[in-house]
Each structure stands twice: as structure tokens, then as C-alpha cells.
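As stored in final.cif (mmCIF, C-alpha atoms):
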```
data_target
#
loop_
_atom_site.label_atom_id
_atom_site.label_comp_id
_atom_site.auth_asym_id
_atom_site.auth_seq_id
_atom_site.Cartn_x
_atom_site.Cartn_y
_atom_site.Cartn_z
CA MET A 74 -19.32 -27.45 1.90
CA ILE A 75 -20.58 -23.96 1.01
CA ARG A 76 -20.45 -22.90 4.67
CA ARG A 77 -16.83 -24.02 4.89
CA ILE A 78 -15.86 -22.02 1.83
CA ILE A 79 -17.64 -18.93 3.15
CA SER A 80 -16.07 -19.42 6.60
CA ALA A 81 -12.59 -19.81 5.09
CA ALA A 82 -13.08 -16.68 2.98
CA LEU A 83 -14.24 -14.74 6.05
CA VAL A 84 -11.25 -15.90 8.12
CA LEU A 85 -8.92 -14.97 5.26
CA TRP A 86 -10.57 -11.54 4.97
CA VAL A 87 -10.27 -10.93 8.76
CA PHE A 88 -6.58 -11.90 8.88
CA GLY A 89 -5.96 -9.81 5.77
CA PHE A 90 -7.55 -6.81 7.44
CA LEU A 91 -5.45 -7.32 10.58
CA TRP A 92 -2.28 -7.41 8.45
CA PHE A 93 -3.44 -4.34 6.52
CA ALA A 94 -4.17 -2.34 9.69
CA VAL A 95 -1.15 -3.37 11.76
CA ALA A 96 1.61 -3.35 9.13
CA LEU A 97 1.07 0.02 7.45
CA PRO A 98 3.77 1.00 4.92
CA GLN A 99 6.57 3.26 6.13
CA PRO A 100 8.39 6.31 4.71
CA ALA A 101 11.09 5.51 2.16
CA GLY A 102 14.75 6.13 2.78
CA ALA A 103 16.99 8.51 0.88
CA GLN A 104 16.81 6.56 -2.39
CA LYS A 105 16.92 8.88 -5.41
CA THR A 106 14.39 8.59 -8.21
CA ASP A 107 13.75 10.35 -11.50
CA ALA A 108 10.57 11.99 -10.18
CA ILE A 109 8.27 12.37 -7.20
CA VAL A 110 4.55 11.77 -7.64
CA VAL A 111 2.03 12.96 -5.06
CA PRO A 112 -1.67 12.13 -5.39
CA THR A 113 -3.77 14.78 -3.66
CA GLY A 114 -6.25 13.94 -0.95
CA GLY A 115 -4.40 13.34 2.29
CA VAL A 116 -2.82 15.45 4.99
CA GLY A 117 0.95 15.72 4.75
CA ARG A 118 1.36 14.32 1.25
CA ILE A 119 2.28 17.53 -0.56
CA PRO A 120 4.58 18.81 2.22
CA ARG A 121 6.38 15.42 2.21
CA GLY A 122 6.74 15.52 -1.58
CA LEU A 123 8.10 19.07 -1.48
CA ALA A 124 10.52 18.13 1.31
CA MET A 125 11.84 15.29 -0.85
CA LEU A 126 12.11 17.64 -3.84
CA ARG A 127 14.05 20.18 -1.76
CA ALA A 128 16.28 17.35 -0.46
CA ARG A 129 17.04 16.50 -4.11
CA ALA A 130 15.58 13.00 -3.86
CA ALA A 131 14.36 13.70 -7.42
CA PRO A 132 14.67 16.62 -9.85
CA ARG A 133 10.93 17.06 -10.50
CA MET A 134 7.53 16.45 -8.96
CA LEU A 135 4.02 15.79 -10.25
CA VAL A 136 1.08 16.58 -8.00
CA THR A 137 -1.74 14.57 -9.53
CA GLY A 138 -5.43 15.12 -8.93
CA VAL A 139 -5.26 18.88 -8.37
CA ASP A 140 -8.52 20.77 -8.80
CA ALA A 141 -8.59 22.46 -12.22
CA GLU A 142 -9.25 25.85 -10.60
CA VAL A 143 -6.00 25.80 -8.59
CA ARG A 144 -3.37 28.01 -10.21
CA PRO A 145 0.37 27.42 -9.83
CA ARG A 146 0.74 30.77 -8.07
CA GLU A 147 -1.92 29.78 -5.51
CA PHE A 148 -0.28 26.40 -4.96
CA ALA A 149 3.12 28.05 -4.51
CA ALA A 150 1.69 30.50 -1.96
CA GLU A 151 -0.15 27.77 -0.04
CA TYR A 152 2.96 25.56 0.29
CA SER A 153 5.68 28.28 0.32
CA VAL A 154 7.25 27.11 -2.92
CA PRO A 155 9.68 29.67 -4.41
CA ALA A 156 8.78 30.72 -7.96
CA PRO A 157 11.98 29.28 -9.52
CA LEU A 158 11.37 25.87 -7.91
CA MET A 159 7.74 25.94 -9.00
CA ALA A 160 8.65 26.87 -12.57
CA CYS A 161 11.36 24.29 -13.04
CA CYS A 162 10.29 21.35 -11.02
CA VAL A 163 6.61 21.16 -10.01
CA THR A 164 3.80 20.08 -12.34
CA LEU A 165 0.17 20.32 -11.26
CA GLY A 166 -1.86 17.57 -12.89
CA THR A 167 -5.58 18.23 -13.10
CA GLY A 168 -6.72 15.18 -15.04
CA ALA A 169 -7.40 12.71 -12.20
CA LEU A 170 -10.37 12.22 -9.91
CA ASP A 171 -9.36 8.98 -8.18
CA THR A 172 -6.40 6.65 -7.62
CA ARG A 173 -6.73 4.94 -11.01
CA GLY A 174 -6.89 8.38 -12.61
CA ASN A 175 -3.77 9.40 -10.68
CA ALA A 176 -1.96 6.39 -12.12
CA ARG A 177 -3.12 7.15 -15.69
CA GLU A 178 -2.20 10.82 -15.36
CA THR A 179 1.21 9.81 -14.05
CA ALA A 180 1.74 7.35 -16.92
CA ASP A 181 1.06 10.14 -19.43
CA TRP A 182 3.38 12.51 -17.55
CA VAL A 183 6.30 10.08 -17.25
CA GLY A 184 5.81 9.04 -20.87
CA GLN A 185 6.57 12.62 -21.96
CA ARG A 186 9.80 12.67 -19.93
CA LYS A 187 12.73 10.33 -19.44
CA VAL A 188 11.38 9.02 -16.15
CA ARG A 189 12.00 5.40 -15.20
CA SER A 190 11.60 5.62 -11.44
CA ILE A 191 9.15 7.47 -9.23
CA ARG A 192 8.86 8.09 -5.52
CA LEU A 193 5.15 7.66 -4.80
CA VAL A 194 4.20 9.84 -1.82
CA THR A 195 0.81 9.08 -0.30
CA SER A 196 -0.76 8.27 3.06
CA ASP A 197 0.28 5.04 4.76
CA TRP A 198 -3.29 3.69 4.66
CA HIS A 199 -3.58 4.47 0.91
CA MET A 200 -0.16 3.19 -0.17
CA ARG A 201 -0.98 -0.46 -0.93
CA ARG A 202 -3.85 0.34 -3.29
CA ALA A 203 -1.98 3.26 -4.86
CA THR A 204 1.14 1.16 -5.46
CA TYR A 205 -1.01 -1.60 -6.94
CA GLU A 206 -2.69 0.81 -9.36
CA PHE A 207 0.56 2.56 -10.32
CA ASP A 208 2.36 -0.74 -10.94
CA ARG A 209 -0.55 -1.97 -13.10
CA VAL A 210 -0.78 1.20 -15.19
CA LEU A 211 2.93 1.93 -15.55
CA GLY A 212 3.84 -1.70 -16.23
CA HIS A 213 7.30 -3.19 -16.37
CA GLY A 214 10.25 -0.91 -16.86
CA TYR A 215 9.26 1.53 -14.12
CA ASP A 216 10.42 1.45 -10.53
CA VAL A 217 7.85 2.69 -8.01
CA VAL A 218 9.36 3.53 -4.61
CA PRO A 219 6.62 3.74 -1.95
CA ASP A 220 7.12 6.67 0.43
CA ALA A 221 4.30 6.53 2.96
CA VAL A 222 3.24 9.57 4.95
CA ARG A 223 2.53 8.45 8.49
CA SER A 224 -0.94 9.11 9.78
CA GLU A 225 -3.33 7.99 12.45
CA PRO A 226 -6.19 6.61 10.39
CA SER A 227 -9.48 5.82 12.02
CA PHE A 228 -10.90 2.31 12.02
CA LEU A 229 -13.43 3.38 9.39
CA THR A 230 -10.68 4.76 7.13
CA LEU A 231 -8.73 1.51 7.39
CA PHE A 232 -11.86 -0.61 6.95
CA GLY A 233 -12.95 1.31 3.87
CA GLU A 234 -9.51 1.36 2.29
CA TYR A 235 -8.93 -2.34 2.91
CA ASN A 236 -12.23 -3.18 1.23
CA LYS A 237 -11.40 -0.94 -1.74
CA TYR A 238 -8.03 -2.67 -2.03
CA VAL A 239 -9.53 -6.18 -1.87
CA LEU A 240 -12.37 -5.34 -4.27
CA ARG A 241 -9.98 -3.73 -6.76
CA ARG A 242 -7.70 -6.78 -6.71
CA LEU A 243 -10.72 -9.05 -7.20
CA ALA A 244 -12.02 -6.89 -10.06
CA VAL A 245 -8.68 -7.10 -11.84
CA TRP A 246 -8.47 -10.83 -11.15
CA VAL A 247 -11.87 -11.46 -12.78
CA ASP A 248 -11.00 -8.96 -15.52
CA LEU A 249 -13.60 -6.27 -14.86
#
```
Translate this structure into C-alpha cells?
Amino acid sequence: MIRRIISAALVLWVFGFLWFAVALPQPAGAQKTDAIVVPTGGVGRIPRGLAMLRARAAPRMLVTGVDAEVRPREFAAEYSVPAPLMACCVTLGTGALDTRGNARETADWVGQRKVRSIRLVTSDWHMRRATYEFDRVLGHGYDVVPDAVRSEPSFLTLFGEYNKYVLRRLAVWVDL
């Protein structure tokens, strides 16, 4: 009986991984939101967020998880952000070290503004776990629009991220 349960769990895990790896989330359409949120850590995330800001998909953007030593002027120079756009519309959040921290930092930020919908811009391989964390922390009353940045993740990246996603869901399920 125990072997059957373990075998069933293993088969479920394998098929889950195949789904996770093959059906990566896609970029969002032109849907407008109240804000754009970009967790740092992946190639293309910040440029995609800035492109959406410039396209007026939202009036403001939070970049969460920025190193505390990064100054707005340095960020603006690195990503060619004009000073007026930086001053009015881009917030650099330095209070997060991981995805859960990104979600908590975002919750604090949206709580100080009249934000009810966010465009979450992150890597395709990171989107499922990020959306899960953001939905959990923000709760009902907020609309999270996933906007995945396409990438070519390695097997190890997908394997690691899938396991993080599964373990996080299990931890929440058993209330850890």
C-alpha cells in the first residue's frame, strides 16, 4: 500500500513537472492596470516593465527587491529612464530579498496608494510561484495580471523552480 502511494505521488510529481516545463506562462496583452510590479532577479524583467510603463499600460511601477545601495540616478542611467519619468512613476523597493518578500513589499506599496490591479512582470519560469505568493499576500480585492518575460531556462532552472513551487504550496497547505 505504501509503495502504491509513493508511486502515485511520484507519477503526479513527474506529470506536474512536465506541465510546468512545457506550458510556461506567456506575456500579457494590452490590459491596463493601476500599477506595474517587477521583482528583480531575471534578465529582461525591468526592460519589459519599463516598456509597459512607457506604453501607458499603467501609470506607475514598483521595482521590488532592489539592492539598497542602488540609487535612483544609477537605475535611471542603467535603463535609460528620463528623470521626469523616474521621478513621477518609478519606485525602487529595497525591502525584499526573495519572492515572498517581493509580495510583502508590494502589499505595503499598494496599500499606500489606490492600487487595485497590478501587472506582475517576471520571468516565465518564475511566474507561477510569484503569482501564487502575490495572490496569497495581497488577498481578495486585488487583480494580479501575469506578464511573463520569455526566456530559455535550463533544465536545472526549471527543476529547481518547480520544486520550490511544489514545496511552497505544500508548506502553505500544512500551514507552515
Output as lines of an AutoDock Vina configuration file the centre and edge lengths (Å, one decimal) of the box along x, y and z of the file that holds every listed atom of region 104-115 of chain A after adding 6 Å on each side.
```
center_x = 5.3
center_y = 10.7
center_z = -4.6
size_x = 35.2
size_y = 20.2
size_z = 25.8
```
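Shortest atom-to-atom contact with Asn175 (chain A) among A:Pro155, A:Pro112, A:Gly102, A:Gly117: A:Pro112, counting all atoms listed in the file.
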The PyMOL selection byres ((chain A and resi 91-93) around 10) - which residues does that actually catch in the file I just gave you? List them as a PyMOL selection string. chain A and resi 85-90+94-98+198+201+231-232+234-235+238
Given the file shown, determine the residues that the PyMOL selection byres ((chain A and resi 184-192) around 8) selects; report them as a PyMOL selection string. chain A and resi 106-110+180-183+193-194+214-220
Could you check how far CA of Val163 (chain A) sits from CA of Met134 (chain A), in Å to one decimal? 4.9 Å
Just want the 7 Å neighbourhood of Val136 (chain A), counted on all atoms listed in the file, with same-chain residues fewer than 4 positions away dropped. Output as number ranges by chain. A: 110-113, 164-166
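Here CA of Ala160 (chain A) and CA of Arg146 (chain A) stand 9.9 Å from one another.
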